[in-house]
$ cat entry-v4.cif   # mmCIF, C-alpha atoms
data_data
#
loop_
_atom_site.label_atom_id
_atom_site.label_comp_id
_atom_site.auth_asym_id
_atom_site.auth_seq_id
_atom_site.Cartn_x
_atom_site.Cartn_y
_atom_site.Cartn_z
CA MET A 144 1.01 -12.51 -34.88
CA PRO A 145 -0.61 -13.54 -31.63
CA PHE A 146 1.62 -16.58 -31.50
CA LEU A 147 4.72 -14.39 -31.71
CA ILE A 148 3.40 -12.23 -28.90
CA GLY A 149 2.92 -15.36 -26.86
CA VAL A 150 6.58 -16.23 -27.00
CA CYS A 151 7.51 -13.48 -24.54
CA ALA A 152 4.74 -14.19 -22.11
CA ASN A 153 4.78 -16.73 -19.31
CA VAL A 154 5.09 -20.15 -20.79
CA VAL A 155 3.39 -22.44 -18.37
CA ALA A 156 5.53 -25.31 -17.21
CA GLY A 157 4.17 -28.57 -15.94
CA GLY A 158 1.06 -28.73 -18.12
CA GLU A 159 -1.57 -26.85 -16.13
CA SER A 160 -5.11 -27.45 -17.20
CA GLY A 161 -8.44 -25.81 -16.62
CA TYR A 162 -11.94 -25.39 -17.97
CA LEU A 163 -14.41 -22.73 -19.01
CA PRO A 164 -17.40 -22.62 -16.65
CA LYS A 165 -19.44 -20.74 -19.26
CA ALA A 166 -19.50 -20.65 -23.05
CA ALA A 167 -16.88 -18.26 -24.42
CA ASP A 168 -15.17 -17.21 -27.63
CA LEU A 169 -11.68 -18.48 -28.43
CA LEU A 170 -9.86 -15.49 -29.96
CA ASP A 171 -6.80 -15.31 -32.19
CA GLY A 172 -5.18 -12.58 -30.08
CA PRO A 173 -5.06 -11.34 -26.48
CA VAL A 174 -7.27 -8.30 -27.11
CA ALA A 175 -10.99 -7.67 -26.95
CA GLY A 176 -12.40 -7.69 -30.47
CA ALA A 177 -9.82 -10.11 -31.87
CA LYS A 178 -11.03 -12.60 -34.49
CA VAL A 179 -13.03 -15.49 -33.09
CA VAL A 180 -11.25 -18.78 -33.77
CA ALA A 181 -13.90 -21.01 -32.24
CA LYS A 182 -16.99 -20.95 -30.05
CA LEU A 183 -16.30 -22.86 -26.86
CA SER A 184 -19.08 -24.53 -24.96
CA SER A 185 -19.44 -24.46 -21.21
CA LYS A 186 -17.43 -27.03 -19.25
CA GLN A 187 -14.94 -27.14 -22.12
CA SER A 188 -11.61 -28.39 -20.83
CA ALA A 189 -8.44 -26.62 -21.85
CA GLU A 190 -4.68 -26.97 -21.66
CA ILE A 191 -3.10 -23.72 -20.47
CA LEU A 192 -0.21 -22.66 -22.69
CA VAL A 193 0.71 -19.06 -21.89
CA ARG A 194 -0.37 -16.36 -19.48
CA LYS A 195 -0.32 -12.76 -20.56
CA GLY A 196 -1.84 -10.25 -18.20
CA SER A 197 -5.60 -10.55 -18.32
CA TRP A 198 -5.43 -13.11 -21.13
CA THR A 199 -4.47 -16.74 -21.24
CA ARG A 200 -3.66 -18.79 -24.32
CA ILE A 201 -5.18 -22.24 -24.27
CA ARG A 202 -5.36 -25.34 -26.42
CA THR A 203 -8.65 -27.13 -26.61
CA GLY A 204 -9.07 -30.03 -28.98
CA ASN A 205 -7.29 -29.06 -32.20
CA ALA A 206 -7.70 -25.33 -31.70
CA SER A 207 -5.57 -22.88 -29.76
CA GLY A 208 -6.24 -19.25 -28.97
CA TRP A 209 -6.85 -16.71 -26.25
CA VAL A 210 -9.52 -16.37 -23.60
CA ARG A 211 -9.86 -13.88 -20.79
CA THR A 212 -8.26 -15.24 -17.64
CA ILE A 213 -11.41 -14.34 -15.74
CA ASP A 214 -13.36 -16.78 -17.96
CA LEU A 215 -11.02 -19.63 -17.07
CA ARG A 216 -10.85 -21.79 -13.97
CA LEU A 217 -7.81 -23.84 -13.12
CA ASP A 218 -8.39 -27.52 -12.41
CA ALA A 219 -5.98 -27.12 -9.52
CA PRO A 220 -6.76 -23.81 -7.85
CA LEU A 221 -4.28 -22.05 -5.63
CA GLN A 222 -3.50 -24.45 -2.82
CA THR A 223 -2.77 -23.17 0.64
CA ALA A 224 -1.45 -25.14 3.59
CA LYS A 225 -3.97 -27.55 5.06
CA PRO A 226 -6.02 -27.60 7.11
CA ALA A 227 -7.23 -24.17 6.08
CA PRO A 228 -8.05 -21.89 8.97
CA ARG A 229 -11.41 -20.28 9.28
CA ALA A 230 -11.22 -16.83 7.80
CA LYS A 231 -12.05 -15.24 11.12
CA SER A 232 -9.30 -16.82 13.12
CA SER A 233 -5.74 -18.01 12.67
CA SER A 234 -5.54 -19.79 15.98
CA HIS A 235 -5.71 -23.19 14.31
CA SER A 236 -3.08 -25.45 15.82
CA GLY A 237 0.07 -25.88 13.75
CA ILE A 238 -0.71 -23.05 11.37
CA ARG A 239 1.91 -20.36 11.12
CA GLY A 240 -0.32 -17.41 10.54
CA PHE A 241 -0.05 -13.79 9.72
CA SER A 242 -3.55 -12.60 10.38
CA GLU A 243 -4.73 -9.37 11.88
CA GLU A 244 -4.82 -11.14 15.22
CA ASP A 245 -1.18 -12.22 14.89
CA LEU A 246 -0.24 -8.71 13.89
CA PHE A 247 -1.86 -7.15 16.92
CA SER A 248 -0.73 -9.77 19.42
CA GLY A 249 2.92 -9.69 18.33
CA SER A 250 5.48 -7.54 20.03
CA SER A 251 8.39 -5.72 18.44
CA ALA A 252 11.30 -8.00 17.55
CA PRO A 253 14.63 -6.15 17.37
CA VAL A 254 16.57 -9.43 17.51
CA ALA A 255 14.79 -10.67 14.38
CA MET A 256 15.83 -7.39 12.76
CA ASP A 257 19.47 -8.41 13.20
CA ARG A 258 18.71 -11.57 11.26
CA LEU A 259 16.93 -9.60 8.54
CA LYS A 260 20.08 -7.53 8.08
CA HIS A 261 22.36 -10.55 8.31
CA PRO A 262 22.83 -11.60 4.67
CA GLY A 263 24.80 -8.41 4.03
CA ILE A 264 24.49 -8.51 0.24
CA SER A 265 25.95 -5.51 -1.60
CA ALA A 266 24.51 -3.98 -4.76
CA LYS A 267 27.59 -5.29 -6.56
CA ASP A 268 26.94 -8.84 -5.30
CA ALA A 269 23.36 -8.59 -6.52
CA ALA A 270 24.47 -7.38 -9.96
CA VAL A 271 26.94 -10.26 -10.29
CA PHE A 272 24.25 -12.73 -9.21
CA ALA A 273 21.84 -11.26 -11.80
CA ARG A 274 24.39 -11.44 -14.61
CA SER A 275 25.19 -15.05 -13.73
CA ALA A 276 21.61 -15.93 -14.68
CA GLY A 277 21.63 -13.97 -17.92
CA LEU A 278 19.76 -10.92 -16.63
CA LYS A 279 20.55 -7.63 -18.33
CA ALA A 280 19.28 -4.28 -17.11
CA ARG A 281 17.24 -2.37 -19.65
CA LYS A 282 15.72 1.09 -19.73
CA ARG A 283 11.98 1.26 -19.44
CA ASP A 284 9.71 4.19 -18.58
CA TYR A 285 6.80 4.09 -16.18
CA PHE A 286 3.43 3.51 -17.83
CA GLU A 287 -0.17 4.50 -17.36
CA GLY A 288 -2.91 2.46 -15.80
CA GLY A 289 -6.05 1.27 -17.54
CA ASP A 290 -9.71 0.81 -16.81
CA TYR A 291 -10.66 -1.77 -14.27
CA ILE A 292 -13.73 -2.98 -12.52
CA THR A 293 -13.59 -3.17 -8.77
CA LEU A 294 -15.67 -5.59 -6.84
CA ASP A 295 -16.06 -4.12 -3.38
CA LEU A 296 -16.66 -6.91 -0.95
CA PRO A 297 -19.27 -6.24 1.71
CA ASP A 298 -17.94 -5.66 5.21
CA ASP A 299 -19.19 -9.02 6.43
CA PHE A 300 -17.77 -10.95 3.45
CA PHE A 301 -15.19 -12.82 5.52
CA ASP A 302 -17.54 -13.55 8.40
CA GLU A 303 -18.52 -17.16 8.69
CA MET B 216 -3.60 4.24 24.29
CA ASN B 217 -5.53 7.35 23.38
CA LEU B 218 -3.47 7.78 20.27
CA SER B 219 -4.41 4.33 19.08
CA ARG B 220 -8.09 4.98 19.63
CA THR B 221 -7.80 8.25 17.77
CA LEU B 222 -6.28 6.52 14.80
CA ILE B 223 -8.88 3.77 14.83
CA ARG B 224 -11.61 6.43 14.88
CA PHE B 225 -9.90 8.29 12.08
CA LEU B 226 -9.49 5.21 9.93
CA GLY B 227 -13.01 4.10 10.71
CA ALA B 228 -14.38 7.45 9.59
CA ALA B 229 -12.23 7.40 6.46
CA THR B 230 -13.46 3.91 5.61
CA MET B 231 -17.06 4.98 6.06
CA ILE B 232 -16.53 7.90 3.70
CA VAL B 233 -14.97 5.64 1.10
CA LEU B 234 -17.83 3.16 1.40
CA VAL B 235 -20.45 5.87 1.08
CA LEU B 236 -18.70 7.43 -1.91
CA ALA B 237 -18.44 4.03 -3.51
CA GLY B 238 -22.10 3.36 -2.90
CA CYS B 239 -21.32 -0.13 -1.70
CA SER B 240 -22.48 -0.10 1.86
CA SER B 241 -24.59 -3.12 1.17
CA GLY B 242 -23.87 -6.07 -1.08
CA ILE B 243 -21.17 -6.07 -3.72
CA GLY B 244 -20.71 -2.79 -5.56
CA ILE B 245 -19.25 -2.62 -9.03
CA ARG B 246 -17.46 0.47 -10.25
CA LEU B 247 -15.67 1.25 -13.46
CA GLN B 248 -12.73 3.47 -12.75
CA LYS B 249 -9.87 5.04 -14.58
CA VAL B 250 -6.49 4.78 -12.96
CA ASP B 251 -4.86 8.14 -12.35
CA VAL B 252 -2.72 9.04 -15.29
CA ASN B 253 0.93 8.44 -14.59
CA ASN B 254 1.03 9.64 -11.03
CA VAL B 255 4.15 7.70 -10.36
CA VAL B 256 6.16 10.68 -9.18
CA LYS B 257 3.37 12.17 -7.12
CA SER B 258 3.71 13.98 -3.86
CA VAL B 259 7.00 12.62 -2.67
CA GLY B 260 8.29 16.16 -2.56
CA ASN B 261 6.03 17.20 0.29
CA LEU B 262 7.74 14.86 2.71
CA ARG B 263 10.78 17.02 3.23
CA GLU B 264 10.19 17.05 6.95
CA VAL B 265 11.00 13.35 7.26
CA LYS B 266 14.59 12.98 6.12
CA GLU B 267 15.97 9.70 4.88
CA PRO B 268 17.77 8.65 8.09
CA GLU B 269 14.53 9.18 10.04
CA GLU B 270 12.53 7.36 7.37
CA ILE B 271 14.88 4.38 7.72
CA LYS B 272 14.55 4.44 11.51
CA ILE B 273 10.76 4.58 11.29
CA GLY B 274 10.78 1.75 8.73
CA GLN B 275 13.02 -0.38 10.92
CA GLY B 276 10.59 0.03 13.80
CA MET B 277 7.70 -0.96 11.54
CA ALA B 278 9.62 -3.98 10.22
CA GLU B 279 10.38 -5.04 13.79
CA THR B 280 6.64 -4.97 14.43
CA LEU B 281 6.06 -7.21 11.38
CA LEU B 282 8.79 -9.60 12.54
CA GLY B 283 7.24 -9.60 16.00
CA ALA B 284 4.05 -11.03 14.50
CA ARG B 285 6.00 -13.74 12.66
CA PRO B 286 9.79 -14.39 12.69
CA LEU B 287 11.97 -15.06 9.69
CA TYR B 288 11.90 -18.53 8.12
CA ASN B 289 15.00 -20.51 9.01
CA ASP B 290 16.65 -21.05 5.64
CA PRO B 291 19.78 -18.85 5.30
CA GLU B 292 20.34 -19.77 1.64
CA LEU B 293 16.81 -18.77 0.71
CA GLN B 294 17.12 -15.51 2.69
CA ARG B 295 20.35 -14.72 0.87
CA TYR B 296 18.78 -15.53 -2.48
CA VAL B 297 15.77 -13.27 -1.87
CA ASN B 298 18.16 -10.47 -0.92
CA GLU B 299 20.20 -10.95 -4.08
CA VAL B 300 17.11 -10.84 -6.28
CA GLY B 301 15.47 -8.03 -4.30
CA LEU B 302 18.51 -5.81 -4.19
CA TRP B 303 19.02 -6.17 -7.93
CA VAL B 304 15.40 -5.16 -8.59
CA ALA B 305 15.71 -2.29 -6.08
CA GLN B 306 18.72 -0.98 -8.03
CA GLN B 307 16.23 -0.25 -10.84
CA SER B 308 14.12 2.01 -8.60
CA ASP B 309 14.57 5.73 -8.03
CA ARG B 310 16.11 5.00 -4.62
CA PRO B 311 18.86 2.44 -5.24
CA ASN B 312 21.01 3.61 -2.35
CA LEU B 313 18.58 2.88 0.47
CA PRO B 314 19.76 0.12 2.84
CA TRP B 315 17.45 -2.49 1.29
CA HIS B 316 16.73 -5.62 3.32
CA PHE B 317 14.56 -8.55 2.21
CA GLY B 318 13.28 -11.46 4.24
CA VAL B 319 10.93 -14.44 4.04
CA ASN B 320 8.91 -14.87 7.22
CA ASP B 321 7.71 -18.16 8.65
CA SER B 322 4.05 -17.74 7.78
CA ASP B 323 1.81 -19.99 5.70
CA TYR B 324 -0.33 -16.98 4.83
CA ILE B 325 0.04 -15.45 1.39
CA ASN B 326 1.17 -11.84 1.59
CA ALA B 327 4.08 -9.41 1.34
CA PHE B 328 4.86 -6.22 3.19
CA ALA B 329 7.03 -3.14 2.80
CA ALA B 330 8.20 -0.67 5.41
CA PRO B 331 9.73 2.78 4.78
CA GLY B 332 13.44 2.95 4.17
CA GLY B 333 13.71 -0.35 2.28
CA PHE B 334 12.49 -3.20 4.53
CA ILE B 335 10.58 -5.90 2.60
CA ILE B 336 9.06 -9.05 4.05
CA VAL B 337 7.43 -11.79 1.98
CA THR B 338 5.62 -14.69 3.59
CA LYS B 339 6.76 -18.28 3.08
CA GLY B 340 3.21 -19.00 1.87
CA MET B 341 3.64 -16.46 -0.93
CA VAL B 342 7.03 -17.82 -2.02
CA LYS B 343 5.50 -21.30 -2.12
CA GLN B 344 2.93 -20.15 -4.68
CA LEU B 345 5.51 -18.68 -7.07
CA ARG B 346 6.75 -20.54 -10.15
CA ASN B 347 9.95 -18.72 -11.05
CA GLU B 348 12.31 -15.84 -10.26
CA ALA B 349 10.46 -13.43 -12.58
CA GLU B 350 7.37 -13.88 -10.39
CA LEU B 351 9.46 -13.29 -7.25
CA ALA B 352 10.97 -10.17 -8.87
CA GLY B 353 7.44 -8.95 -9.65
CA VAL B 354 6.25 -9.39 -6.06
CA LEU B 355 9.40 -7.74 -4.67
CA GLY B 356 9.09 -5.00 -7.31
CA HIS B 357 5.57 -4.21 -6.06
CA GLU B 358 6.86 -3.83 -2.49
CA ILE B 359 9.92 -1.84 -3.61
CA ALA B 360 7.50 0.54 -5.36
CA HIS B 361 5.70 1.18 -2.06
CA VAL B 362 9.05 2.25 -0.56
CA ASN B 363 10.01 4.19 -3.68
CA GLN B 364 6.78 6.22 -3.41
CA LYS B 365 6.83 6.45 0.42
CA HIS B 366 3.27 5.12 0.48
CA HIS B 367 3.35 4.00 4.13
CA LEU B 368 5.00 7.18 5.31
CA ILE B 369 2.40 9.27 3.48
CA ALA B 370 -0.40 7.11 4.93
CA LEU B 371 0.94 7.70 8.45
CA ARG B 372 1.20 11.42 7.75
CA LYS B 373 -2.41 11.51 6.61
CA SER B 374 -3.43 9.85 9.84
CA ALA B 375 -4.00 11.32 13.25
CA PHE B 376 -0.37 10.50 13.92
CA ALA B 377 0.98 13.12 11.58
CA ASN B 378 2.10 15.30 14.47
CA LEU B 379 3.81 12.41 16.16
CA LEU B 380 5.68 11.63 12.95
CA SER B 381 6.78 15.23 12.47
CA GLU B 382 7.88 15.54 16.08
CA GLY B 383 9.80 12.30 15.87
CA ALA B 384 11.49 13.26 12.65
CA ALA B 385 12.53 16.58 14.16
CA ALA B 386 13.67 15.03 17.43
CA SER B 387 17.29 15.79 17.99
CA SER B 388 18.27 12.85 20.14
CA ASP B 389 18.32 9.18 19.30
CA LYS B 390 16.34 8.49 22.44
CA LYS B 391 13.50 10.75 21.34
CA GLN B 392 13.46 9.06 17.96
CA GLU B 393 13.43 5.61 19.54
CA ASN B 394 10.53 6.72 21.65
CA MET B 395 8.70 7.89 18.56
CA VAL B 396 9.32 4.55 16.81
CA ARG B 397 7.88 2.78 19.86
CA MET B 398 4.84 5.06 19.81
CA LEU B 399 4.31 4.21 16.15
CA SER B 400 3.84 0.50 16.93
CA ALA B 401 0.05 0.73 17.28
CA PRO B 402 -0.54 2.84 14.15
CA THR B 403 1.84 0.54 12.27
CA LYS B 404 -0.33 -2.45 13.12
CA GLU B 405 -3.45 -0.51 12.16
CA LEU B 406 -1.90 0.48 8.86
CA TYR B 407 -0.91 -3.09 7.91
CA ALA B 408 -4.31 -4.39 8.97
CA ARG B 409 -6.26 -1.73 7.04
CA GLY B 410 -3.99 -1.44 4.04
CA LEU B 411 -2.98 1.47 1.86
CA ASP B 412 -5.18 3.40 -0.53
CA LYS B 413 -6.21 1.21 -3.44
CA SER B 414 -4.62 3.74 -5.82
CA ASP B 415 -1.28 3.12 -4.08
CA GLU B 416 -1.65 -0.59 -4.78
CA PHE B 417 -2.41 -0.04 -8.46
CA GLU B 418 0.56 2.31 -8.68
CA ALA B 419 2.81 -0.26 -6.97
CA ASP B 420 1.68 -2.90 -9.50
CA ARG B 421 2.61 -0.64 -12.42
CA MET B 422 5.97 0.38 -10.96
CA GLY B 423 6.72 -3.14 -9.77
CA VAL B 424 6.29 -4.48 -13.32
CA VAL B 425 8.60 -1.73 -14.59
CA PHE B 426 11.28 -2.41 -11.96
CA ALA B 427 11.27 -6.15 -12.71
CA THR B 428 11.38 -5.41 -16.45
CA ARG B 429 14.30 -3.00 -15.99
CA ALA B 430 16.05 -5.73 -14.00
CA GLY B 431 15.91 -7.90 -17.10
CA TYR B 432 13.07 -10.22 -16.13
CA ASP B 433 10.03 -11.31 -18.11
CA PRO B 434 7.57 -8.44 -17.47
CA TYR B 435 4.74 -10.89 -16.87
CA GLY B 436 6.01 -12.15 -13.53
CA LEU B 437 3.71 -10.05 -11.35
CA PRO B 438 0.69 -10.51 -13.68
CA ALA B 439 1.25 -14.27 -13.50
CA VAL B 440 1.15 -14.11 -9.69
CA LEU B 441 -2.07 -12.09 -9.87
CA THR B 442 -3.50 -14.69 -12.24
CA THR B 443 -2.70 -17.36 -9.67
CA LEU B 444 -4.30 -15.31 -6.91
CA ALA B 445 -7.36 -14.83 -9.11
CA THR B 446 -7.96 -18.57 -8.92
CA ALA B 447 -8.08 -18.54 -5.13
CA ASP B 448 -11.18 -18.74 -3.06
CA PRO B 449 -11.37 -15.19 -1.64
CA LYS B 450 -12.74 -16.70 1.56
CA ASP B 451 -9.57 -18.75 2.06
CA GLY B 452 -8.33 -17.67 5.45
CA TYR B 453 -4.73 -17.69 4.23
CA LEU B 454 -5.57 -14.86 1.87
CA LYS B 455 -7.90 -12.87 4.08
CA LEU B 456 -5.50 -10.07 4.97
CA LEU B 457 -4.18 -9.83 1.39
CA PHE B 458 -7.66 -9.56 -0.13
CA LYS B 459 -8.82 -7.18 2.59
CA THR B 460 -5.94 -4.78 1.99
CA HIS B 461 -5.61 -4.98 -1.80
CA PRO B 462 -7.95 -4.64 -4.79
CA LEU B 463 -9.07 -8.02 -6.09
CA PRO B 464 -6.57 -9.65 -8.50
CA GLN B 465 -8.76 -9.35 -11.59
CA ALA B 466 -9.09 -5.57 -11.14
CA ARG B 467 -5.33 -5.35 -10.72
CA LEU B 468 -4.80 -7.34 -13.93
CA ASP B 469 -7.27 -5.15 -15.83
CA ALA B 470 -5.55 -1.99 -14.59
CA LEU B 471 -2.16 -3.36 -15.69
CA ALA B 472 -3.32 -4.55 -19.12
CA PRO B 473 -2.64 -1.41 -21.24
CA GLY B 474 0.77 -0.88 -19.69
CA LEU B 475 1.69 -4.50 -20.27
CA GLY B 476 0.78 -3.95 -23.91
CA THR B 477 3.68 -1.50 -24.14
CA LEU B 478 6.04 -4.26 -23.01
CA ASP B 479 5.13 -6.64 -25.83
CA GLY B 480 8.12 -7.86 -27.74
CA ILE B 481 10.40 -8.15 -24.73
CA GLN B 482 11.86 -11.61 -24.50
CA ALA B 483 13.45 -12.08 -21.12
CA PRO B 484 14.25 -14.88 -18.70
CA GLN B 485 12.00 -16.22 -15.97
CA ASN B 486 14.77 -18.21 -14.26
CA ALA B 487 12.57 -21.04 -13.09
CA ASP B 488 15.49 -23.42 -12.50
CA ARG B 489 17.37 -21.09 -10.17
CA PHE B 490 14.19 -20.24 -8.29
CA LEU B 491 13.30 -23.90 -7.79
CA GLN B 492 16.84 -24.66 -6.63
CA TYR B 493 16.69 -22.09 -3.83
CA THR B 494 13.08 -22.77 -2.83
CA ARG B 495 13.25 -26.56 -2.88
CA LYS B 496 13.66 -26.86 0.87
CA LEU B 497 10.70 -24.57 1.51
CA LYS B 498 8.51 -26.35 -0.99
CA VAL B 499 9.36 -29.77 0.43
CA ALA B 500 9.20 -28.77 4.09
CA THR B 501 5.83 -27.09 4.08
CA PRO B 502 2.49 -28.87 3.88
#

$ encode --input "entry-v4.cif" --output "structure tokens"
Amino acid sequence: MPFLIGVCANVVAGGESGYLPKAADLLDGPVAGAKVVAKLSSKQSAEILVRKGSWTRIRTGNASGWVRTIDLRLDAPLQTAKPAPRAKSSSHSGIRGFSEEDLFSGSSAPVAMDRLKHPGISAKDAAVFARSAGLKARKRDYFEGGDYITLDLPDDFFDE
Amino acid sequence: MNLSRTLIRFLGAATMIVLVLAGCSSGIGIRLQKVDVNNVVKSVGNLREVKEPEEIKIGQGMAETLLGARPLYNDPELQRYVNEVGLWVAQQSDRPNLPWHFGVNDSDYINAFAAPGGFIIVTKGMVKQLRNEAELAGVLGHEIAHVNQKHHLIALRKSAFANLLSEGAAASSDKKQENMVRMLSAPTKELYARGLDKSDEFEADRMGVVFATRAGYDPYGLPAVLTTLATADPKDGYLKLLFKTHPLPQARLDALAPGLGTLDGIQAPQNADRFLQYTRKLKVATP
């Protein structure tokens, strides 16, 4: 069944890969307590197949299964524009920032507001555009939240 | 700017209280929490004093402040596309008839912002990190949820500027209201720099997933974005403001997990091709 569940999750295009920094269990489903398919050693490389919330389905060697996303590192982590600014300042030349400093130094921009309003798309236009890509509205109720662990960063975390 | 100082003091005190309650005044604190049960329709009713036209005016002033920090990215086709996607997702909210406006600003930083009344701004840096339209719908859905729940308006009301907001909303003339919008510039900046309550962010994640799902997208768009963000170095300067004002991505994913379980079985498009078509220029033009 886990493979059927995987069909509706995010199929990863472009063959992303990663590795497990620590030993971990490869499970047959995206839930804690699922059957262990294999014991993975640390530094094990993995091909990323599907993302599903906190779980990611991977292929490693001949086996495929699920690991917690938090246990996985991407070979190519999120790349930001280079050169990266120091966390404390966005005044690096050529970087188009949006830091606290930029926020406080900026002045109001009513002219830019005219441009924001410019596209003039109607709800009907948007519905036609959605349908043209095969999107169909469906009913769905709000849902409850779950347990989570927060890591509160110390105040000086971003200080260099 | 006495008002500004008052707000800073207020926010400073509030932050201290939160830190003390969390027991994390030194080092990294770890807490296990339970998300409030289904508080998605909370407390909107007590904002009767600020009527919708005033809310829109306040939001426009706040959006002008955001655009003052960074202008829109010059790509009319992309701006139109983001509006088409955003407006469709907003139609799935409880407030479809607001004058929704969406824009991509010319910033390499990774973030997105909402202002009351339906003004949504996503950074170019954020769009660049996305893989498909379902992910874009998830990000926009999160921001639409902030507007749906009046999170920023409520945050301003909780602040030392509550009186200013009430006075402005009750002001009879346009000029008085314009004055009030101008006066809100400083607290607006404070609010975007400090962020909303973490519970508002978790709520916006849950509602954002639901809005994108109702719009017909793969429900895992927003979770996929959070998974990407989870791979980032939290000290990356491009993410500083995002990580300072939001719970860390892994906590957000954990909080979403049970709700996402209820969406299993939905097979829906991600529209990667259309997304790549409209974002090609941005992806090529930026470093």

$ residues_around --input "entry-v4.cif" --residues "B:His461" --least-positions-apart "4" --cutoff "9 Å" --atoms "only C-alpha atoms" --output "list in words"
Gly410, Leu411, Asp412, Lys413, Glu416, Phe417, Leu456, Leu457 and Arg467 of chain B

$ atom_distance --input "entry-v4.cif" --atom1 "atom CA of B:Asn298" --atom2 "atom CA of B:Leu345"
16.3 Å

$ residues_around --input "entry-v4.cif" --residues "A:Val180" --least-positions-apart "5" --cutoff "8 Å" --atoms "only C-alpha atoms" --output "list of chain:residue names"
A:Asp168, A:Leu169, A:Leu170, A:Asp171, A:Ala206, A:Gly208

$ write_last_selection --input "entry-v4.cif" --atoms "C-alpha atoms" --output "mmCIF file, in the coordinates of the input"
data_model
loop_
_atom_site.group_PDB
_atom_site.id
_atom_site.type_symbol
_atom_site.label_atom_id
_atom_site.label_comp_id
_atom_site.auth_asym_id
_atom_site.auth_seq_id
_atom_site.Cartn_x
_atom_site.Cartn_y
_atom_site.Cartn_z
ATOM 1 C CA ASP A 168 -15.170 -17.210 -27.630
ATOM 2 C CA LEU A 169 -11.680 -18.480 -28.430
ATOM 3 C CA LEU A 170 -9.860 -15.490 -29.960
ATOM 4 C CA ASP A 171 -6.800 -15.310 -32.190
ATOM 5 C CA ALA A 206 -7.700 -25.330 -31.700
ATOM 6 C CA GLY A 208 -6.240 -19.250 -28.970
#

$ atom_distance --input "entry-v4.cif" --atom1 "atom CA of B:Thr442" --atom2 "atom CA of B:Pro311"
29.0 Å

$ closest_residue --input "entry-v4.cif" --among "B:Pro484, B:Pro434, B:Gly452, B:Pro402" --to "chain A" --atoms "all atoms listed in the file"
B:Gly452

$ closest_residue --input "entry-v4.cif" --among "B:Asp290, B:Glu393, B:Asp488, B:Asp451" --to "chain A" --atoms "all atoms listed in the file"
B:Asp451
